[in-house]
Each structure stands twice: as structure tokens, then as C-alpha cells.
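Below: one structure, written as C-alpha cells.
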Amino acid sequence: MRESILTRIVQAAKAAGRAPGDVALVAVSKKQPAGRVDAALAAGQRIFGENRVQEAAERWESRRSAHPDLELRLIGPLQSKKTKRAVELFDVIESLDREKLARALVAAAVETGRLPRLFVQVNTGEEPQKAGVAPGRAEAFLDLVRDSCGLAVEGLMCIPPADEEPAPHFALLADLAERCGVEKLSMGMSADFETAIRYGATSVRVGSALFGAREA
Ligand SMILES: *Cc1c(COP(=O)(O)O)cnc(C)c1O
């Protein structure tokens with residue numbers, strides 16, 4: 001299944017006039033059986049996304065030593081008290097969305113000597129139950145993270161509302177990224193990654209279409 005997803009990514013990139021290598025596949029391995037994850041590793045997949053620190057630690061701490069070129073991305077909300085653990089485990093944190101967490105990341109970086117690459121999550125649909133900064137606050141938040149906390153931000157991430165057309169949300173995120181001066185866009189999941197690529201996604205987070213349905 002990985003081959004067919006990669007083919008679709010390349011085709012979507014070409015259709016959008018983009019270089020095929022511009023779009024990375026993040027394999028979302030949360031709640032997937034170990035066998036499927038190991039098969040993806042054996043097939044050459046190296047970038048994985050997880051949405052919980054504890055589950056990710058259990059799965060990846062052992063596999064990490066066998067695959068030093070692994071890249072682990074946290075794509076779910078991060079509680080400040082779990083920041084140190086997250087900084088030790090993840091190469092990329094895509095869910096930075098508040099000052100308290102930015103400050104906790106700085107403290108954890110000082111303590112551990114490690115600092116993951118960072119994405120700011122934007123709540124493009126302004127859904128109350130969802131993490132992320134409101135679109136209208138994104139620029140000010142980026143300024144704060146950079147100038148006051150001294151952290152570099154690599155890109156923006158969004159999860160559009162489940163019941164809406166995703167394209168306007170992808171367009172909004174791309175527009176914000178340009179205004180904020182960040183290059184990377186993490187957007188698009190199993191159902192809409194080709195649309196996200198059309199709007200400039202530089203990484204797509206694909207779970208079920210890649211691995212099959214998740215465990216309950
Ligand atoms: C679970 C999850 C995904 C993958 O969803 P699929 O629809 O299975 O591809 C992508 N992004 C985030 C933030 C997720 O939590």
C-alpha cells in the first residue's frame with residue numbers, strides 16, 4: 001500500500017506543477033498493530049507520526065536503535081508536563097499552539113540538549129474542541145515564539161473540520177505560512193492528501209489509507 005500512496009503523492013505533485021520530492025509522506029502509526037509498522041519500516045518508510053507521547057515511547061524507543069535514520073513527529077496535542085519526554089523522543093513537534101508550551105520547550109531543550117523542529121498548529125476551523133491557534137492570532141503567536149522565546153518555527157500544521165470541504169482550510173494555512181515567513185505545510189490526511197498537495201502541502205499525514213483501519 002505504501003507504493004500506491006507514494007505514487008499518488010508523486011502524481012498529485014506533478015499535477016500541481018511541483019517537484020515530486022517536495023512532498024514527504026508521514027506515516028501515521030498511532031493505534032496500528034506492530035506488524036504493520038514493522039512492514040512499513042521494512043519497505044523503507046522512515047517518517048512516522050504519532051499523536052500520544054506515551055504510546056509513541058512504547059512503540060519507538062526500542063525500534064529507534066535499529067533505525068537511526070528514523071524521523072518521529074508528534075502530531076497530537078502536547079501537555080506542558082510531558083514536554084521533556086516529547087523533546088527526548090520526537091524529531092519534530094507539529095502541535096505548538098501556546099506560550100506556556102513554547103516556554104516549556106525552551107526549558108526542556110536546555111535540560112536535555114535536544115530541540116525538535118517545530119510546527120505551529122493552526123485551528124483553521126476555529127473549533128472549540130480542537131487544539132491550535134486561531135488564524136487571526138497566528139502571526140502574533142509566531143512573533144512571540146520567535147522573538148520572545150527564541151525558537152525557530154519550520155512550518156504550520158492544520159486539521160480541517162471533519163464535516164467541511166478541506167480546500168479552503170488548506171488555502172488559508174498556505175496563506176498564513178506565507179505571511180509568517182515559514183516554508184513547510186503539514187496538511188492532508190488519508191481522505192484529502194491530494195487536495196492538500198494541490199494547495200502546497202510539503203508533508204501529508206496518512207494513517208488508515210496506508211496501514212488499514214486503526215485498532216479501537
Ligand atoms: C490520526 C491522524 C492522522 C491520520 O488520519 P488518517 O485519516 O487515518 O489518514 C493525521 N493527522 C492527525 C493529526 C491525526 O491525529
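Order determines the names: the first chain of the C-alpha cells is A, the second B, and so forth; residues in each chain are numbered 1 upward, and ligands are numbered 1 upward as they are shown.
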Could you pull out all residues of stretch 12-216 of chain A with a DSSP call of strand (DSSP E or B) and give them as JSON, numbers by chain?
{"A": [24, 25, 26, 27, 28, 47, 48, 49, 50, 71, 72, 73, 74, 92, 93, 94, 95, 96, 117, 118, 119, 120, 121, 122, 133, 155, 156, 157, 184, 185, 186, 203, 204, 205, 206]}
7 Å shell around ligand 1 using only C-alpha atoms and all ligand atoms, listed as a list of chain:residue names
A:Val28, A:Lys30, A:Asn51, A:Ile75, A:Gly76, A:Ile159, A:Met189, A:Ser190, A:Ala191, A:Arg205, A:Val206, A:Gly207, A:Ser208, A:Ala209
Residues flagged helix (DSSP H, G or I) by DSSP in stretch 104-159 of chain A, as an MDAnalysis selection string:
chainID A and resid 104:112 135:148
Please produce an output containing N, CA, C and O atoms for each residue in the selection, written as a CSV table (one decimal), in the first residue's frame.
chain,number,residue,atom,x,y,z
A,104,ALA,N,7.9,25.9,27.9
A,104,ALA,CA,8.3,24.5,28.4
A,104,ALA,C,9.3,23.9,27.4
A,104,ALA,O,10.2,23.1,27.8
A,105,LEU,N,9.1,24.1,26.1
A,105,LEU,CA,10.1,23.6,25.2
A,105,LEU,C,11.5,24.1,25.3
A,105,LEU,O,12.5,23.4,25.2
A,106,VAL,N,11.5,25.4,25.6
A,106,VAL,CA,12.8,26.1,25.8
A,106,VAL,C,13.5,25.4,27.0
A,106,VAL,O,14.7,25.1,27.0
A,107,ALA,N,12.7,25.3,28.1
A,107,ALA,CA,13.3,24.7,29.3
A,107,ALA,C,13.7,23.3,29.1
A,107,ALA,O,14.8,22.9,29.5
A,108,ALA,N,12.9,22.5,28.4
A,108,ALA,CA,13.3,21.1,28.1
A,108,ALA,C,14.5,21.0,27.2
A,108,ALA,O,15.3,20.1,27.4
A,109,ALA,N,14.7,22.0,26.3
A,109,ALA,CA,15.8,22.0,25.4
A,109,ALA,C,17.1,22.2,26.2
A,109,ALA,O,18.1,21.6,26.0
A,110,VAL,N,17.0,23.1,27.1
A,110,VAL,CA,18.2,23.5,28.0
A,110,VAL,C,18.5,22.2,28.8
A,110,VAL,O,19.7,21.9,28.9
A,111,GLU,N,17.5,21.6,29.3
A,111,GLU,CA,17.7,20.4,30.2
A,111,GLU,C,18.3,19.2,29.5
A,111,GLU,O,19.2,18.5,30.0
A,112,THR,N,17.8,19.0,28.3
A,112,THR,CA,18.1,17.7,27.5
A,112,THR,C,19.2,18.0,26.5
A,112,THR,O,19.8,17.0,26.0
A,135,PRO,N,-6.6,31.4,13.5
A,135,PRO,CA,-5.9,32.0,12.3
A,135,PRO,C,-5.6,33.5,12.5
A,135,PRO,O,-4.5,33.9,12.2
A,136,GLY,N,-6.5,34.2,13.1
A,136,GLY,CA,-6.2,35.6,13.4
A,136,GLY,C,-5.1,35.9,14.4
A,136,GLY,O,-4.6,37.0,14.5
A,137,ARG,N,-4.7,34.9,15.1
A,137,ARG,CA,-3.6,35.1,16.1
A,137,ARG,C,-2.3,34.5,15.7
A,137,ARG,O,-1.3,34.5,16.4
A,138,ALA,N,-2.3,33.8,14.5
A,138,ALA,CA,-1.1,33.1,14.1
A,138,ALA,C,0.1,33.9,14.0
A,138,ALA,O,1.2,33.6,14.5
A,139,GLU,N,0.0,35.1,13.3
A,139,GLU,CA,1.2,35.9,13.1
A,139,GLU,C,1.7,36.4,14.4
A,139,GLU,O,3.0,36.4,14.6
A,140,ALA,N,0.9,36.9,15.3
A,140,ALA,CA,1.3,37.4,16.6
A,140,ALA,C,2.0,36.2,17.4
A,140,ALA,O,3.0,36.4,18.1
A,141,PHE,N,1.4,35.0,17.3
A,141,PHE,CA,2.0,33.9,18.0
A,141,PHE,C,3.4,33.5,17.5
A,141,PHE,O,4.3,33.3,18.2
A,142,LEU,N,3.5,33.5,16.2
A,142,LEU,CA,4.8,33.3,15.6
A,142,LEU,C,5.8,34.3,16.0
A,142,LEU,O,7.0,33.9,16.3
A,143,ASP,N,5.4,35.5,16.1
A,143,ASP,CA,6.4,36.6,16.5
A,143,ASP,C,6.8,36.3,18.0
A,143,ASP,O,8.0,36.4,18.3
A,144,LEU,N,5.8,35.9,18.8
A,144,LEU,CA,6.1,35.6,20.2
A,144,LEU,C,7.1,34.5,20.3
A,144,LEU,O,8.1,34.5,21.1
A,145,VAL,N,6.8,33.4,19.6
A,145,VAL,CA,7.6,32.2,19.7
A,145,VAL,C,9.1,32.5,19.2
A,145,VAL,O,10.0,32.1,19.8
A,146,ARG,N,9.2,33.3,18.2
A,146,ARG,CA,10.5,33.6,17.6
A,146,ARG,C,11.2,34.6,18.4
A,146,ARG,O,12.4,34.4,18.8
A,147,ASP,N,10.6,35.7,18.7
A,147,ASP,CA,11.3,36.9,19.3
A,147,ASP,C,11.4,36.7,20.8
A,147,ASP,O,12.5,37.0,21.4
A,148,SER,N,10.4,36.3,21.4
A,148,SER,CA,10.4,36.3,22.9
A,148,SER,C,10.9,35.0,23.4
A,148,SER,O,11.6,34.9,24.4
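Atom pair atom CA of A:Pro160 / atom CA of A:Ser95 has a distance of 14.1 Å (rounded to one decimal).
Near A:Arg46, within 10 Å and counting only C-alpha atoms, sit A:Leu25, A:Val26, A:Ala27, A:Ala40, A:Leu41, A:His67, A:Pro68, A:Asp69, A:Leu70, A:Glu71, A:Leu72; same-chain residues fewer than 5 positions away were not included.
Atom CA of A:Ala15 to atom CA of A:Ala201 spans 13.4 Å [interatomic distance, one decimal].
Using only C-alpha atoms, the residues found no farther than 6 Å from A:Ile93, other than those of its own chain fewer than 3 positions away, are Arg73, Leu74 and Leu118 of chain A.
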If we count only C-alpha atoms, what is near A:Ser186 at a cut-off of 9 Å, once residues fewer than 3 positions away on the same chain are taken out, given as a list in words?
Glu94, Phe119, Gly155, Leu156, Met157, Cys158, Ala196, Ala201, Thr202, Ser203, Val204 and Arg205 of chain A
If you take only C-alpha atoms and a cut-off of 8 Å, which residues of stretch 62-131 of chain A touch stretch 162-182 of chain A, and what are their nearest atom pairs and distances in Å to one decimal, in chain and number order, as a tab-separated table?
residue	atom	partner	partner_atom	distance
A:Val122	CA	A:Leu173	CA	7.5
A:Thr124	CA	A:His169	CA	5.9
A:Gly125	CA	A:His169	CA	7.2
C-alpha atoms of the current selection, written as an mmCIF file, in the first residue's frame:
data_model
loop_
_atom_site.group_PDB
_atom_site.id
_atom_site.type_symbol
_atom_site.label_atom_id
_atom_site.label_comp_id
_atom_site.auth_asym_id
_atom_site.auth_seq_id
_atom_site.Cartn_x
_atom_site.Cartn_y
_atom_site.Cartn_z
ATOM 1 C CA VAL A 122 -3.491 26.480 13.432
ATOM 2 C CA THR A 124 -8.325 26.894 10.803
ATOM 3 C CA GLY A 125 -11.947 25.976 11.514
#
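Nearest to A:Pro33 of all the residues A:Arg2, A:Lys82, A:Arg59, A:Arg52 is A:Arg59, based on only C-alpha atoms.
For the set A:Thr7, A:Glu194, A:Ser29, A:Asp38, the residue with the smallest atom-to-atom gap to A:Ser62 is A:Asp38, counting only C-alpha atoms.
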Within 9 Å of A:Cys149, counting only C-alpha atoms, which residues show up once you throw out same-chain ones fewer than 6 positions away? Write them as a PyMOL selection string, please.
chain A and resi 99+102-103+106
Return the single residue from A:Ile197, A:Arg64, A:Lys100, A:Gly113 that is closest to A:Gly21, with distances computed using only C-alpha atoms.
A:Ile197
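Residue nearest A:Ile5 within the list A:Trp60, A:Phe48, A:Tyr199, A:Phe211: A:Phe211 [criterion: smallest interatomic distance, only C-alpha atoms].
In this model, the gap between atom CA of A:Ala16 and atom CA of A:Gly44 comes to 25.7 Å.
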